[in-house]
Each structure stands twice: as structure tokens, then as C-alpha cells.
Amino acid sequence: MQLGILSLGSTQPDPLTGETRSATEHFDDVVRLAEFAEQLGLDYFGFGEHHAGRTVATAPPVVLAAIAASTSRIRLITTVTLLSTLDPLRVAEDYATLDHLSHGRLELIVGKGNSADPYTMFGYDREHQWELQAEHYELLHRLWREEEVTFSGRFRGRLEGVTSLPRPLQTPPPVWHGVATSQASPDLAARFGDPIFVANAIQPMENYGKLVDHYRERWAAYGRDPAQAGVGSGRLLFVGKTSQQAREELRPYYEAQWTDRDPTRDRGGVGDEPTGQTLESNIAAGGLFAGSPQEIVDKVGTYRERFGHDLMIFGPQIGGMPYGPVADSLDLFATEVAPHLRSL
């Protein structure tokens, strides 16, 4: 199994100290986290895209370009690229540029996100989210494989003989499809022969397992080799020397993750809401991987049996947790957890 970590660019204050750090400091921490992930021997570093709330994650190509300049081996992946509200030509050219700057280390996870904000911000109707995702991906897929592309769709203006520049270094960069709540995304991935990445937020494992099953069914229906279907997964991570120590240290940050929000504002999120889960219930049945090294190994093994995935990317920054305990957790993960997961 390949392993990685991601950042969602959260600017949430530290709930223990109340410290609110600047955007510059948060960007510095993201780059430092990526450099540390490479030092630890992890395979991937991911950076997400969000356009509302407390985040600095609005421009993944820029942030990942900075990381590309300060790393040399680790693969860089977007978690996620909000393709349904982006111009596919702009995506093709921005990320092809990043592919060169990283010397061919780029991968994308494309998705529509779980928030209504980008649709109103960028002038789209959220009622068409699935149609937008399919049309925009069809165009991106062609732009990275063809030159002199002519395209006419329902949402994006017509292209006539357009070649996106630069051409990507990889031919083409790998694209994963983010999967969280609907069968539309796994079907789109299967149609194009692409892997899926299961969001695995805080719903029960079986909810996501059914989407993985649907992906494999559609993969076979399109006449593809079942052995070639690709699945990745991951979510929040905190490793302590013991289960008790991990829970005690994580608890204030976990609780802040859900309480430090504006309850009067409904962003229309799906699949990533708090749903009243306690720390213990989320560890037991949700997407939170927290506890002792052996506890993490056991839980990943359980998910591996259900999903059959070969890539796991974790989010180690929870509820305003500062860099120090995040780094300590990742050090334990790399030394006492990762060696066991590599053999799965």
C-alpha cells in the first residue's frame, strides 16, 4: 500500500491557546509539512481546494508549485480539484505547468466538492453539478490527450482547434475521481478507465463500501479488466503512543473541528457534516483513524478488506492543532505504522 498525507489549508484557531496565525504562517506550515512527509519516506502529499470558510486552500496549483520547488521525490496530488466549477482549459494548462515544475510528480483528484459556495461564487447552478462535472472532465480528458481540440458542450463555450499549452510532461498525469455520496462519480471514473478516491469522511464504512462496489460493477460493465480498477482512500489521522494518550490529546481539537463553525449558515455540504458523532464513535465506526500504532494498523486493515484500496492518504491537521503535535503523530505513523501498512 502506498501512503501519504494531505492538508486542507485550515486556518482554524488553536482551541487550547486561542492563537490565530496569519495566512503566511499557514502556507509556511503546509510547505513544511510536505517537506517532512518526504523526509519520512511517504509517497504522496496532497493539498485541497476550498473557497469559503477558514482556509488558505483556494489555489492548489500555486501551493503545490512551491512544494515542488522544495521537494524532489514525493508525488503531489490535489485533494480535491473542484472541476465542476472550473474552466477545464485553465485546469489543463495550470496543472500541465505544475507537472513540468514537479518533473512529472503531479496527480489530480477531481470532484465537485461538498459545498454549495463555489457554484454561486463562480456563476454556476448547483442543480447541474453532475452534468457540469461530466462535461468538464470530458474536455479535460481530451485536452491532455489531443491537440487541435474542437469541443461544443452545454456549459462551457465552444472551442475550435485549441491545443492547451504546455503539453503535460506525463502522458497524461494520473486523474482520480473523488467519491463521497453519489454513484455518478464512480460511474464517470469507470467510463473513462480512471481510479477513484473515497472521501471516507465520517459516514459509516459501509456507505463508502457500496460506492466502491458500484465502481467495480461499472468498471466490469465497460469491459475493463477488474484487476486494473484503482481505489484510494483516507481521512483524519492522529497517532499516540497509547490509545488513551491519543484520545486525550486529540479530544479538544476534534471537538473544535465541529463546534468552531457558523451554525446559521448552511453551505449545502453533503457527506462531511458533524452528525453529532463523538470522538469515540467516530474512531469506532467513522473515518477517524486515531489511537495507538496497532489500533491504526488494525483499522486500516479492516478498511482494506472492504475497499481493496492500494493508496491511503491521511489528514493529520485536526481542529486547529499546531504543527508540533502533528509532526509527533506523523513521526510515530512513519516509524511504527507505515512499515506494517506497506505489506498490505
# chains A, B, ... in the order shown; residues from 1 in each chain; ligands from 1
>>> residues_around(residues="segment 42-56 of chain A", least_positions_apart="5", cutoff="8 Å", atoms="only C-alpha atoms", output="ChimeraX atom specification")
/A:2-12,23,26-27,34,37,63-64,74-82,117-118,313,334
>>> write_last_selection(atoms="N, CA and C atoms", output="PDB file, in the first residue's frame")
ATOM      1  N   GLN A   2       0.508   2.216  -0.843  1.00  0.00           N
ATOM      2  CA  GLN A   2       1.184   3.500  -0.834  1.00  0.00           C
ATOM      3  C   GLN A   2       0.504   4.431   0.168  1.00  0.00           C
ATOM      4  N   LEU A   3       1.295   5.341   0.751  1.00  0.00           N
ATOM      5  CA  LEU A   3       0.812   6.158   1.855  1.00  0.00           C
ATOM      6  C   LEU A   3       1.159   7.621   1.640  1.00  0.00           C
ATOM      7  N   GLY A   4       0.302   8.492   2.156  1.00  0.00           N
ATOM      8  CA  GLY A   4       0.564   9.912   2.066  1.00  0.00           C
ATOM      9  C   GLY A   4      -0.223  10.688   3.084  1.00  0.00           C
ATOM     10  N   ILE A   5       0.009  11.999   3.111  1.00  0.00           N
ATOM     11  CA  ILE A   5      -0.760  12.902   3.967  1.00  0.00           C
ATOM     12  C   ILE A   5      -1.237  14.074   3.123  1.00  0.00           C
ATOM     13  N   LEU A   6      -2.212  14.792   3.654  1.00  0.00           N
ATOM     14  CA  LEU A   6      -2.775  15.937   2.945  1.00  0.00           C
ATOM     15  C   LEU A   6      -3.007  17.088   3.907  1.00  0.00           C
ATOM     16  N   SER A   7      -3.162  18.273   3.325  1.00  0.00           N
ATOM     17  CA  SER A   7      -3.561  19.447   4.083  1.00  0.00           C
ATOM     18  C   SER A   7      -4.786  20.054   3.419  1.00  0.00           C
ATOM     19  N   LEU A   8      -5.732  20.487   4.223  1.00  0.00           N
ATOM     20  CA  LEU A   8      -6.917  21.171   3.716  1.00  0.00           C
ATOM     21  C   LEU A   8      -6.815  22.683   3.883  1.00  0.00           C
ATOM     22  N   GLY A   9      -5.647  23.150   4.328  1.00  0.00           N
ATOM     23  CA  GLY A   9      -5.419  24.591   4.417  1.00  0.00           C
ATOM     24  C   GLY A   9      -6.238  25.292   5.474  1.00  0.00           C
ATOM     25  N   SER A  10      -6.637  24.580   6.532  1.00  0.00           N
ATOM     26  CA  SER A  10      -7.477  25.180   7.564  1.00  0.00           C
ATOM     27  C   SER A  10      -6.741  26.267   8.329  1.00  0.00           C
ATOM     28  N   THR A  11      -7.449  27.352   8.620  1.00  0.00           N
ATOM     29  CA  THR A  11      -6.896  28.435   9.440  1.00  0.00           C
ATOM     30  C   THR A  11      -7.608  28.515  10.791  1.00  0.00           C
ATOM     31  N   GLN A  12      -8.160  27.425  11.223  1.00  0.00           N
ATOM     32  CA  GLN A  12      -8.874  27.384  12.493  1.00  0.00           C
ATOM     33  C   GLN A  12      -7.936  27.718  13.650  1.00  0.00           C
ATOM     34  N   ALA A  23      -2.115  34.034   7.374  1.00  0.00           N
ATOM     35  CA  ALA A  23      -2.140  33.191   6.185  1.00  0.00           C
ATOM     36  C   ALA A  23      -0.723  32.797   5.785  1.00  0.00           C
ATOM     37  N   HIS A  26       0.388  29.923   7.850  1.00  0.00           N
ATOM     38  CA  HIS A  26      -0.268  28.673   7.464  1.00  0.00           C
ATOM     39  C   HIS A  26       0.342  28.104   6.188  1.00  0.00           C
ATOM     40  N   PHE A  27       0.619  28.958   5.212  1.00  0.00           N
ATOM     41  CA  PHE A  27       1.276  28.475   3.996  1.00  0.00           C
ATOM     42  C   PHE A  27       2.650  27.887   4.319  1.00  0.00           C
ATOM     43  N   ALA A  34       4.815  19.189   3.934  1.00  0.00           N
ATOM     44  CA  ALA A  34       5.140  18.410   2.739  1.00  0.00           C
ATOM     45  C   ALA A  34       6.607  17.971   2.763  1.00  0.00           C
ATOM     46  N   ALA A  37       6.898  15.168   5.189  1.00  0.00           N
ATOM     47  CA  ALA A  37       6.359  13.924   4.633  1.00  0.00           C
ATOM     48  C   ALA A  37       7.380  13.246   3.737  1.00  0.00           C
ATOM     49  N   VAL A  63       0.284  26.544  -4.597  1.00  0.00           N
ATOM     50  CA  VAL A  63       0.867  25.959  -3.385  1.00  0.00           C
ATOM     51  C   VAL A  63       1.698  24.725  -3.732  1.00  0.00           C
ATOM     52  N   LEU A  64       1.174  23.866  -4.594  1.00  0.00           N
ATOM     53  CA  LEU A  64       1.911  22.662  -4.963  1.00  0.00           C
ATOM     54  C   LEU A  64       3.167  22.989  -5.774  1.00  0.00           C
ATOM     55  N   ILE A  74       8.582  13.097  -3.516  1.00  0.00           N
ATOM     56  CA  ILE A  74       7.207  12.801  -3.134  1.00  0.00           C
ATOM     57  C   ILE A  74       6.245  13.236  -4.238  1.00  0.00           C
ATOM     58  N   ARG A  75       5.230  12.410  -4.493  1.00  0.00           N
ATOM     59  CA  ARG A  75       4.242  12.757  -5.509  1.00  0.00           C
ATOM     60  C   ARG A  75       3.263  13.782  -4.941  1.00  0.00           C
ATOM     61  N   LEU A  76       2.816  14.690  -5.799  1.00  0.00           N
ATOM     62  CA  LEU A  76       1.954  15.792  -5.391  1.00  0.00           C
ATOM     63  C   LEU A  76       0.570  15.568  -5.976  1.00  0.00           C
ATOM     64  N   ILE A  77      -0.452  15.615  -5.128  1.00  0.00           N
ATOM     65  CA  ILE A  77      -1.798  15.288  -5.556  1.00  0.00           C
ATOM     66  C   ILE A  77      -2.779  16.329  -5.023  1.00  0.00           C
ATOM     67  N   THR A  78      -3.768  16.667  -5.811  1.00  0.00           N
ATOM     68  CA  THR A  78      -4.773  17.637  -5.374  1.00  0.00           C
ATOM     69  C   THR A  78      -5.899  16.901  -4.662  1.00  0.00           C
ATOM     70  N   THR A  79      -6.297  17.433  -3.522  1.00  0.00           N
ATOM     71  CA  THR A  79      -7.341  16.749  -2.739  1.00  0.00           C
ATOM     72  C   THR A  79      -8.402  17.729  -2.246  1.00  0.00           C
ATOM     73  N   VAL A  80      -9.107  18.381  -3.135  1.00  0.00           N
ATOM     74  CA  VAL A  80      -9.547  17.950  -4.449  1.00  0.00           C
ATOM     75  C   VAL A  80      -9.412  19.119  -5.422  1.00  0.00           C
ATOM     76  N   THR A  81      -9.494  18.881  -6.743  1.00  0.00           N
ATOM     77  CA  THR A  81      -9.650  19.940  -7.732  1.00  0.00           C
ATOM     78  C   THR A  81     -11.134  20.029  -8.076  1.00  0.00           C
ATOM     79  N   LEU A  82     -11.742  21.186  -7.817  1.00  0.00           N
ATOM     80  CA  LEU A  82     -13.196  21.339  -7.969  1.00  0.00           C
ATOM     81  C   LEU A  82     -13.553  21.569  -9.436  1.00  0.00           C
ATOM     82  N   ASP A 117     -20.906  26.724  -1.985  1.00  0.00           N
ATOM     83  CA  ASP A 117     -20.290  28.033  -2.204  1.00  0.00           C
ATOM     84  C   ASP A 117     -19.693  28.241  -3.590  1.00  0.00           C
ATOM     85  N   PRO A 118     -18.865  27.311  -4.096  1.00  0.00           N
ATOM     86  CA  PRO A 118     -18.218  27.600  -5.386  1.00  0.00           C
ATOM     87  C   PRO A 118     -19.190  27.814  -6.538  1.00  0.00           C
ATOM     88  N   ILE A 313      -4.334   8.160   1.987  1.00  0.00           N
ATOM     89  CA  ILE A 313      -3.816   9.496   2.269  1.00  0.00           C
ATOM     90  C   ILE A 313      -4.573  10.063   3.462  1.00  0.00           C
ATOM     91  N   ALA A 334       5.067   7.079  10.714  1.00  0.00           N
ATOM     92  CA  ALA A 334       6.092   6.634   9.768  1.00  0.00           C
ATOM     93  C   ALA A 334       6.947   5.502  10.321  1.00  0.00           C
TER      94      ALA A 334
END
>>> residues_around(residues="segment 214-225 of chain A", least_positions_apart="6", cutoff="7 Å", atoms="only C-alpha atoms", output="PyMOL selection string")
chain A and resi 183+186-187+190-191
>>> closest_residue(among="A:Gly193, A:Leu139, A:Val91, A:Glu206", to="Arg158 of chain A", atoms="only C-alpha atoms")
A:Leu139
>>> residues_around(residues="Leu288 of chain A", least_positions_apart="2", cutoff="9 Å", atoms="only C-alpha atoms", output="ChimeraX atom specification")
/A:200-202,235-238,279,282-286,290
>>> residues_around(residues="Leu101 of chain A", least_positions_apart="2", cutoff="7 Å", atoms="only C-alpha atoms", output="PyMOL selection string")
chain A and resi 65+68+97-99+103
>>> select_by_dssp(residues="segment 47-240 of chain A", states="strand (DSSP E or B)", output="count of residues only")
38
>>> closest_residue(among="A:Tyr323, A:Gly113, A:Met1, A:Glu280", to="Gly230 of chain A", atoms="only C-alpha atoms")
A:Met1
>>> atom_distance(atom1="atom CA of Gly291 of chain A", atom2="atom CA of Arg304 of chain A")
17.8 Å
>>> select_by_dssp(residues="segment 88-240 of chain A", states="helix (DSSP H, G or I)", output="MDAnalysis selection string")
chainID A and resid 88:101 117:121 126:143 184:192 205:221 226:228
>>> closest_residue(among="A:Arg90, A:His128, A:His100, A:Lys299", to="Ser164 of chain A", atoms="only C-alpha atoms")
A:Arg90
>>> residues_around(residues="Thr242 of chain A", least_positions_apart="5", cutoff="12 Å", atoms="only C-alpha atoms", output="PyMOL selection string")
chain A and resi 247-249+290-296+329+332
>>> closest_residue(among="A:Pro88, A:Gly232, A:Pro172, A:Gly301", to="Gly153 of chain A", atoms="only C-alpha atoms")
A:Pro88
>>> closest_residue(among="A:Val149, A:Pro174, A:Glu25, A:Thr17", to="Tyr95 of chain A", atoms="only C-alpha atoms")
A:Pro174
